[in-house]
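Participant: Sharing my_file21.pdb below, PDB, C-alpha atoms:
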MODEL        1
ATOM      1  CA  MET A  21      14.025   2.683 -11.698
ATOM      2  CA  SER A  22      11.651   3.392 -14.565
ATOM      3  CA  GLU A  23       8.566   5.540 -14.186
ATOM      4  CA  LYS A  24       5.271   3.685 -13.933
ATOM      5  CA  ASN A  25       3.080   4.185 -16.984
ATOM      6  CA  TYR A  26      -0.085   5.344 -15.184
ATOM      7  CA  ASP A  27      -2.653   7.861 -16.356
ATOM      8  CA  PRO A  28      -1.656  11.051 -14.463
ATOM      9  CA  ARG A  29      -5.271  11.997 -13.577
ATOM     10  CA  MET A  30      -6.165   8.552 -12.264
ATOM     11  CA  HIS A  31      -2.861   8.112 -10.462
ATOM     12  CA  THR A  32      -3.202  11.431  -8.615
ATOM     13  CA  ALA A  33      -6.795  10.511  -7.689
ATOM     14  CA  GLU A  34      -5.428   7.251  -6.237
ATOM     15  CA  HIS A  35      -3.088   9.273  -3.982
ATOM     16  CA  ILE A  36      -6.024  11.351  -2.729
ATOM     17  CA  LEU A  37      -8.156   8.231  -2.165
ATOM     18  CA  ASN A  38      -5.319   6.577  -0.231
ATOM     19  CA  GLN A  39      -4.892   9.555   2.085
ATOM     20  CA  THR A  40      -8.663   9.758   2.570
ATOM     21  CA  MET A  41      -8.782   6.079   3.598
ATOM     22  CA  VAL A  42      -5.851   6.587   5.988
ATOM     23  CA  ARG A  43      -7.624   9.551   7.605
ATOM     24  CA  LEU A  44     -11.054   7.930   7.830
ATOM     25  CA  TYR A  45     -10.111   4.337   8.715
ATOM     26  CA  ASN A  46      -6.456   4.418   9.846
ATOM     27  CA  CYS A  47      -5.980   1.441   7.511
ATOM     28  CA  GLY A  48      -2.832   2.445   5.703
ATOM     29  CA  ARG A  49      -2.527   3.111   1.995
ATOM     30  CA  ALA A  50      -3.789   0.497  -0.477
ATOM     31  CA  PHE A  51      -1.642  -2.629  -0.256
ATOM     32  CA  SER A  52      -2.695  -3.584  -3.780
ATOM     33  CA  SER A  53      -3.971  -1.419  -6.607
ATOM     34  CA  HIS A  54      -4.586  -1.553 -10.322
ATOM     35  CA  VAL A  55      -4.605   1.898 -11.903
ATOM     36  CA  GLU A  56      -5.960   2.250 -15.442
ATOM     37  CA  LYS A  57      -7.297   5.211 -17.415
ATOM     38  CA  LYS A  58     -10.929   3.972 -17.606
ATOM     39  CA  LYS A  59     -11.292   2.484 -14.126
ATOM     40  CA  SER A  60      -9.094   1.522 -11.202
ATOM     41  CA  LYS A  61      -9.219  -0.425  -7.961
ATOM     42  CA  CYS A  62      -7.564  -0.241  -4.563
ATOM     43  CA  ASP A  63      -7.525  -2.844  -1.788
ATOM     44  CA  TYR A  64      -7.467  -1.915   1.906
ATOM     45  CA  ARG A  65      -7.242  -4.021   5.051
ATOM     46  CA  ILE A  66     -10.389  -3.113   6.969
ATOM     47  CA  PRO A  67     -12.081  -5.688   9.250
ATOM     48  CA  ARG A  68     -15.595  -5.176   7.872
ATOM     49  CA  ALA A  69     -17.546  -4.134   4.793
ATOM     50  CA  LEU A  70     -18.142  -0.421   4.236
ATOM     51  CA  THR A  71     -21.714   0.845   4.226
ATOM     52  CA  ASP A  72     -23.238   2.726   1.300
ATOM     53  CA  GLU A  73     -23.165   5.842   3.476
ATOM     54  CA  GLU A  74     -19.439   5.391   4.166
ATOM     55  CA  LEU A  75     -18.754   4.971   0.445
ATOM     56  CA  LYS A  76     -20.652   8.197  -0.252
ATOM     57  CA  THR A  77     -18.550   9.934   2.418
ATOM     58  CA  ILE A  78     -15.306   8.657   0.851
ATOM     59  CA  GLU A  79     -16.402   9.798  -2.607
ATOM     60  CA  SER A  80     -17.475  13.187  -1.253
ATOM     61  CA  ARG A  81     -14.201  13.738   0.648
ATOM     62  CA  VAL A  82     -12.062  12.817  -2.370
ATOM     63  CA  ASN A  83     -14.053  15.228  -4.561
ATOM     64  CA  GLU A  84     -13.774  17.921  -1.894
ATOM     65  CA  VAL A  85      -9.964  17.618  -1.976
ATOM     66  CA  ILE A  86      -9.920  17.611  -5.796
ATOM     67  CA  SER A  87     -12.051  20.777  -5.866
ATOM     68  CA  GLN A  88      -9.495  22.653  -3.737
ATOM     69  CA  ASN A  89      -7.268  23.038  -6.828
ATOM     70  CA  LEU A  90      -4.213  21.798  -4.944
ATOM     71  CA  ASN A  91      -0.808  21.962  -6.601
ATOM     72  CA  VAL A  92       0.829  18.579  -7.091
ATOM     73  CA  THR A  93       4.561  18.891  -6.574
ATOM     74  CA  GLU A  94       7.608  16.670  -6.497
ATOM     75  CA  GLU A  95      10.665  16.904  -4.310
ATOM     76  CA  PHE A  96      13.663  14.692  -3.765
ATOM     77  CA  THR A  97      14.970  13.829  -0.331
ATOM     78  CA  ASP A  98      17.157  11.107   1.152
ATOM     79  CA  LYS A  99      15.620   7.984   2.686
ATOM     80  CA  SER A 100      16.490   8.907   6.271
ATOM     81  CA  ASN A 101      14.689  12.259   6.008
ATOM     82  CA  ALA A 102      11.765  10.727   4.091
ATOM     83  CA  SER A 103      11.315   8.103   6.814
ATOM     84  CA  THR A 104      10.434  10.875   9.288
ATOM     85  CA  PHE A 105       7.209  11.710   7.406
ATOM     86  CA  LEU A 106       6.532   8.745   5.081
ATOM     87  CA  ASP A 107       5.958   5.023   5.393
ATOM     88  CA  LEU A 108       8.774   3.587   3.300
ATOM     89  CA  SER A 109       7.899  -0.090   3.902
ATOM     90  CA  LYS A 110       6.827  -0.593   0.250
ATOM     91  CA  LEU A 111      10.093   0.686  -1.191
ATOM     92  CA  PRO A 112      12.026  -1.990  -3.059
ATOM     93  CA  ALA A 113      15.300  -3.077  -1.467
ATOM     94  CA  ASP A 114      17.250  -1.582  -4.371
ATOM     95  CA  ALA A 115      15.566   1.848  -4.163
ATOM     96  CA  PRO A 116      18.079   4.684  -4.522
ATOM     97  CA  GLU A 117      19.119   6.805  -1.535
ATOM     98  CA  SER A 118      17.293   9.791  -3.031
ATOM     99  CA  ILE A 119      13.499   9.367  -2.843
ATOM    100  CA  ARG A 120      10.971  11.180  -5.050
ATOM    101  CA  VAL A 121       8.106  12.493  -2.931
ATOM    102  CA  ILE A 122       4.829  13.581  -4.528
ATOM    103  CA  ARG A 123       2.739  16.068  -2.549
ATOM    104  CA  VAL A 124      -0.898  16.909  -3.222
ATOM    105  CA  GLY A 125      -1.033  20.302  -1.508
ATOM    106  CA  ASN A 126      -0.798  19.723   2.237
ATOM    107  CA  TYR A 127      -3.214  16.794   1.973
ATOM    108  CA  ASP A 128      -0.922  13.941   0.938
ATOM    109  CA  ALA A 129       2.753  13.055   0.610
ATOM    110  CA  CYS A 130       3.927   9.748  -0.818
ATOM    111  CA  ALA A 131       7.100   8.243  -2.259
ATOM    112  CA  CYS A 132       6.213   7.596  -5.897
ATOM    113  CA  ILE A 133       7.750   7.102  -9.327
ATOM    114  CA  GLY A 134       4.560   7.575 -11.364
ATOM    115  CA  PRO A 135       3.258  10.528 -13.407
ATOM    116  CA  HIS A 136       0.833  13.042 -11.882
ATOM    117  CA  VAL A 137      -1.183  16.103 -12.843
ATOM    118  CA  ALA A 138       0.176  19.548 -11.935
ATOM    119  CA  ASN A 139      -3.002  20.566 -10.087
ATOM    120  CA  SER A 140      -5.920  18.590  -8.663
ATOM    121  CA  LYS A 141      -8.348  20.614 -10.818
ATOM    122  CA  GLU A 142      -7.149  18.512 -13.800
ATOM    123  CA  ILE A 143      -8.509  15.269 -12.289
ATOM    124  CA  GLY A 144     -12.245  15.690 -12.851
ATOM    125  CA  ARG A 145     -14.923  14.085 -10.706
ATOM    126  CA  PHE A 146     -14.070  10.957  -8.689
ATOM    127  CA  LYS A 147     -16.803   8.297  -8.755
ATOM    128  CA  ILE A 148     -16.884   5.031  -6.793
ATOM    129  CA  ILE A 149     -18.245   2.349  -9.137
ATOM    130  CA  SER A 150     -18.486  -0.425  -6.547
ATOM    131  CA  ALA A 151     -16.966  -1.852  -3.397
ATOM    132  CA  ASP A 152     -16.880  -5.318  -1.939
ATOM    133  CA  TYR A 153     -15.537  -7.071   1.121
ATOM    134  CA  SER A 154     -13.875 -10.457   1.525
ATOM    135  CA  ASP A 155     -11.562 -11.889   4.185
ATOM    136  CA  GLY A 156     -10.648  -8.565   5.798
ATOM    137  CA  ILE A 157     -10.123  -6.742   2.504
ATOM    138  CA  VAL A 158     -12.223  -3.912   1.124
ATOM    139  CA  ARG A 159     -11.849  -3.401  -2.626
ATOM    140  CA  ILE A 160     -12.942  -0.027  -3.998
ATOM    141  CA  ARG A 161     -13.407   0.365  -7.762
ATOM    142  CA  PHE A 162     -13.529   3.880  -9.158
ATOM    143  CA  LYS A 163     -13.450   5.973 -12.295
ATOM    144  CA  LEU A 164     -13.051   9.627 -13.205
ATOM    145  CA  GLU A 165     -15.636  11.764 -14.972
ATOM    146  CA  ASN A 166     -14.713  14.947 -16.784
ATOM    147  CA  GLU A 167     -16.141  18.063 -15.217
TER     148      GLU A 167
ENDMDL
END
So that I can check it, write out the structure of this file as structure tokens.
Facilitator:
Amino acid sequence: MSEKNYDPRMHTAEHILNQTMVRLYNCGRAFSSHVEKKKSKCDYRIPRALTDEELKTIESRVNEVISQNLNVTEEFTDKSNASTFLDLSKLPADAPESIRVIRVGNYDACACIGPHVANSKEIGRFKIISADYSDGIVRIRFKLENE
């Protein structure tokens, strides 16, 4: 399995956004995402559009987590152990028995093959560019600004 060629700052921000959405809306992690260095997007299954105030709250919470200077670590564990604390439903059928888990402090843990920063302080400021809603899907577009 080859490593995804994502920008480490943006990819780590995506992890934090996903966990924030799970905590705020119990919607699960993004089922579709497009992560690029300049801007990215994530799609979530939420049964209504988000208000401007909710988007500000999401942005604020993600930046709050980033500002905690959390270490981003990797560990390897077998699938059966990982299944006790992770949703492994997105793993490909041919995934190896040993799973790479990325942790952002105690805030997020996710099976992942992509590159990440060593500490959340490297990410910069998270900024929601726009969000829209269609057919039960909220799409959030975001970028990172250097501090």
Participant: What's the separation between CA of Arg159 in chain A and CA of Tyr64 in chain A, in Å to one decimal place?
Facilitator: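 One can read the CA of Arg159 in chain A to CA of Tyr64 in chain A distance as 6.5 Å.
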Participant: A:Val85, A:Lys99, A:Tyr45, A:Ile148: which is nearest Arg68 in chain A, counting only C-alpha atoms?
Facilitator: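 When distances to Arg68 in chain A are compared using only C-alpha atoms, the smallest one comes from A:Tyr45.
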Participant: Using all atoms of range 122-135 of chain A that appear in the file, construct an axis-aligned enclosing box with 4 Å of padding on every side and provide its centre coordinates and edge lengths in Å, rounded to one decimal, as lines of an AutoDock Vina configuration file.
Facilitator:
center_x = 2.3
center_y = 13.7
center_z = -5.6
size_x = 19.0
size_y = 21.2
size_z = 23.6
Participant: Find the residues with any atom within 12 Å of (-3.1, 13.7, -0.7); use all atoms listed in the file and the coordinates as given in the file, and write the answer as a PDB file with C-alpha atoms, in the coordinates of the input.
Facilitator:
ATOM      1  CA  HIS A  31      -2.861   8.112 -10.462  1.00  0.00           C
ATOM      2  CA  THR A  32      -3.202  11.431  -8.615  1.00  0.00           C
ATOM      3  CA  ALA A  33      -6.795  10.511  -7.689  1.00  0.00           C
ATOM      4  CA  GLU A  34      -5.428   7.251  -6.237  1.00  0.00           C
ATOM      5  CA  HIS A  35      -3.088   9.273  -3.982  1.00  0.00           C
ATOM      6  CA  ILE A  36      -6.024  11.351  -2.729  1.00  0.00           C
ATOM      7  CA  LEU A  37      -8.156   8.231  -2.165  1.00  0.00           C
ATOM      8  CA  ASN A  38      -5.319   6.577  -0.231  1.00  0.00           C
ATOM      9  CA  GLN A  39      -4.892   9.555   2.085  1.00  0.00           C
ATOM     10  CA  THR A  40      -8.663   9.758   2.570  1.00  0.00           C
ATOM     11  CA  MET A  41      -8.782   6.079   3.598  1.00  0.00           C
ATOM     12  CA  VAL A  42      -5.851   6.587   5.988  1.00  0.00           C
ATOM     13  CA  ARG A  43      -7.624   9.551   7.605  1.00  0.00           C
ATOM     14  CA  ARG A  49      -2.527   3.111   1.995  1.00  0.00           C
ATOM     15  CA  ARG A  81     -14.201  13.738   0.648  1.00  0.00           C
ATOM     16  CA  VAL A  82     -12.062  12.817  -2.370  1.00  0.00           C
ATOM     17  CA  ASN A  83     -14.053  15.228  -4.561  1.00  0.00           C
ATOM     18  CA  GLU A  84     -13.774  17.921  -1.894  1.00  0.00           C
ATOM     19  CA  VAL A  85      -9.964  17.618  -1.976  1.00  0.00           C
ATOM     20  CA  ILE A  86      -9.920  17.611  -5.796  1.00  0.00           C
ATOM     21  CA  GLN A  88      -9.495  22.653  -3.737  1.00  0.00           C
ATOM     22  CA  ASN A  89      -7.268  23.038  -6.828  1.00  0.00           C
ATOM     23  CA  LEU A  90      -4.213  21.798  -4.944  1.00  0.00           C
ATOM     24  CA  ASN A  91      -0.808  21.962  -6.601  1.00  0.00           C
ATOM     25  CA  VAL A  92       0.829  18.579  -7.091  1.00  0.00           C
ATOM     26  CA  THR A  93       4.561  18.891  -6.574  1.00  0.00           C
ATOM     27  CA  VAL A 121       8.106  12.493  -2.931  1.00  0.00           C
ATOM     28  CA  ILE A 122       4.829  13.581  -4.528  1.00  0.00           C
ATOM     29  CA  ARG A 123       2.739  16.068  -2.549  1.00  0.00           C
ATOM     30  CA  VAL A 124      -0.898  16.909  -3.222  1.00  0.00           C
ATOM     31  CA  GLY A 125      -1.033  20.302  -1.508  1.00  0.00           C
ATOM     32  CA  ASN A 126      -0.798  19.723   2.237  1.00  0.00           C
ATOM     33  CA  TYR A 127      -3.214  16.794   1.973  1.00  0.00           C
ATOM     34  CA  ASP A 128      -0.922  13.941   0.938  1.00  0.00           C
ATOM     35  CA  ALA A 129       2.753  13.055   0.610  1.00  0.00           C
ATOM     36  CA  CYS A 130       3.927   9.748  -0.818  1.00  0.00           C
ATOM     37  CA  ALA A 131       7.100   8.243  -2.259  1.00  0.00           C
ATOM     38  CA  HIS A 136       0.833  13.042 -11.882  1.00  0.00           C
ATOM     39  CA  ASN A 139      -3.002  20.566 -10.087  1.00  0.00           C
ATOM     40  CA  SER A 140      -5.920  18.590  -8.663  1.00  0.00           C
TER      41      SER A 140
END
Participant: What lies within 12 Å of Ala102 in chain A using only C-alpha atoms, ignoring chain neighbours under 4 positions off, as a PyMOL selection string?
Facilitator: chain A and resi 95-98+106-109+111+117-122+129-132
Participant: What separation in Å, quoted to one decimal, exists between CA of Phe162 in chain A and CA of Ala115 in chain A?
Facilitator: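 So the two atoms, CA of Phe162 in chain A and CA of Ala115 in chain A, lie 29.6 Å apart.
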Participant: Between CA of Asn101 in chain A and CA of Ala138 in chain A, what is the distance in Å, rounded to a tenth?
Facilitator: 24.2 Å
Participant: Please expand the PyMOL selection byres ((chain A and resi 155) around 10) into the concrete residues it hits in this file, giving the result as a count of residues only.
Facilitator: 10
Participant: For each of A:Ile160, A:Thr77, A:Glu165, A:Lys58, take the minimum atom-to-atom distance to Glu142 in chain A, counting all atoms listed in the file, then give the residue where this is smallest.
Facilitator: A:Glu165
Participant: Name every residue that the PyMOL selection byres ((chain A and resi 149) around 10) selects in this structure, writing the answer as a list in words with chains first and numbers rising.
Facilitator: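 After applying the PyMOL selection byres ((chain A and resi 149) around 10), what remains is Lys59, Ser60, Lys61, Leu75, Phe146, Lys147, Ile148, Ser150, Ala151, Ile160, Arg161, Phe162, Lys163 and Leu164 of chain A.
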Participant: To test your reading of the syntax: which residues would the PyMOL selection byres ((chain A and resi 26) around 8) return for the file shown? Reply as a ChimeraX atom specification.
Facilitator: /A:24-25,27-28,30-31,55-57,134-135
